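A quick write-up on the structure given underneath.
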Amino acid sequence: MSVQLNHTIVHSRDNRESAEFLAHVLGLEVGAEWGPFIPVDTANGVTLDFATIPAEKITPQHYAFLLSEEEFDVAFERIRSAGVPYFADPHGRFPGEINHNDGGRGVYFTDPAGHGMEIITRPYGYQEPAATGR
């Protein structure tokens with residue numbers, strides 16, 4: 001069996017608020033509460049289990065999501081419509097901009113618990129396939 005990431009726990013001040021925020025931006029469904037977790041499943045089978053913990057115990061993490069060009073357009077519009085500040089870089093030096101790294105588009109924003117979220121249309125290091133001539 002090949003190794004795959006199945007799920008991870010995302011600490012939040014309010015598990016429902018954080019799960020609903022991310023699900024809304026990405027156009028995903030919030031799953032049924034399971035114990036202390038509110039799950040959000042991604043298309044590749046990875047579940048983000050949001051858990052409420054005291055705010056002072058949250059260590060901000062980074063979560064990056066690979067989207068199609070069309071999904072990016074919809075998610076980016078949701079970010080802008082909600083008035084969520086966004087940046088072209090993870091350090092917040094380019095507010096209100098997107099990046100075009102690796103021939104795609106990307107944007108960074110923060111979720112309600114302070115985690116750094118990123119949506120991209122090309123994986124890091126992506127290179128266009130070489131054209132084949134005949």
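How things are named: the first chain in the structure tokens is A, the next is B, and so on; residues count from 1 in each chain; ligands count from 1 in the order shown.
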Per residue of segment 21-79 of chain A within 12 Å of segment 87-110 of chain A, what are the shortest atom pair and its distance in Å to one decimal, counting only C-alpha atoms, with rows by chain and residue number, as JSON lines?
{"residue": "A:Phe21", "atom": "CA", "partner": "A:Thr110", "partner_atom": "CA", "distance": 10.3}
{"residue": "A:Leu22", "atom": "CA", "partner": "A:Thr110", "partner_atom": "CA", "distance": 10.0}
{"residue": "A:Val25", "atom": "CA", "partner": "A:Phe109", "partner_atom": "CA", "distance": 10.7}
{"residue": "A:Pro60", "atom": "CA", "partner": "A:Thr110", "partner_atom": "CA", "distance": 9.5}
{"residue": "A:Gln61", "atom": "CA", "partner": "A:Thr110", "partner_atom": "CA", "distance": 10.1}
{"residue": "A:His62", "atom": "CA", "partner": "A:Pro90", "partner_atom": "CA", "distance": 9.2}
{"residue": "A:Tyr63", "atom": "CA", "partner": "A:Tyr108", "partner_atom": "CA", "distance": 9.7}
{"residue": "A:Ala64", "atom": "CA", "partner": "A:Tyr108", "partner_atom": "CA", "distance": 8.8}
{"residue": "A:Phe65", "atom": "CA", "partner": "A:Gly106", "partner_atom": "CA", "distance": 9.6}
{"residue": "A:Leu66", "atom": "CA", "partner": "A:Gly106", "partner_atom": "CA", "distance": 9.2}
{"residue": "A:Leu67", "atom": "CA", "partner": "A:Gly106", "partner_atom": "CA", "distance": 9.5}
{"residue": "A:Ser68", "atom": "CA", "partner": "A:Gly104", "partner_atom": "CA", "distance": 9.7}
{"residue": "A:Glu69", "atom": "CA", "partner": "A:Arg105", "partner_atom": "CA", "distance": 8.1}
{"residue": "A:Glu70", "atom": "CA", "partner": "A:Arg105", "partner_atom": "CA", "distance": 11.2}
{"residue": "A:Glu71", "atom": "CA", "partner": "A:Arg105", "partner_atom": "CA", "distance": 11.4}
{"residue": "A:Phe72", "atom": "CA", "partner": "A:Arg105", "partner_atom": "CA", "distance": 8.1}
{"residue": "A:Asp73", "atom": "CA", "partner": "A:Arg105", "partner_atom": "CA", "distance": 9.7}
{"residue": "A:Ala75", "atom": "CA", "partner": "A:Val107", "partner_atom": "CA", "distance": 10.2}
{"residue": "A:Phe76", "atom": "CA", "partner": "A:Val107", "partner_atom": "CA", "distance": 8.0}
{"residue": "A:Glu77", "atom": "CA", "partner": "A:Val107", "partner_atom": "CA", "distance": 11.6}
{"residue": "A:Arg78", "atom": "CA", "partner": "A:Phe109", "partner_atom": "CA", "distance": 11.8}
{"residue": "A:Ile79", "atom": "CA", "partner": "A:Phe109", "partner_atom": "CA", "distance": 8.3}
Backbone DSSP call of strand (DSSP E) for segment 6-83 of chain A, listed as a VMD selection string = chain A and resid 7 to 12 37 to 41 47 to 52 62 to 66
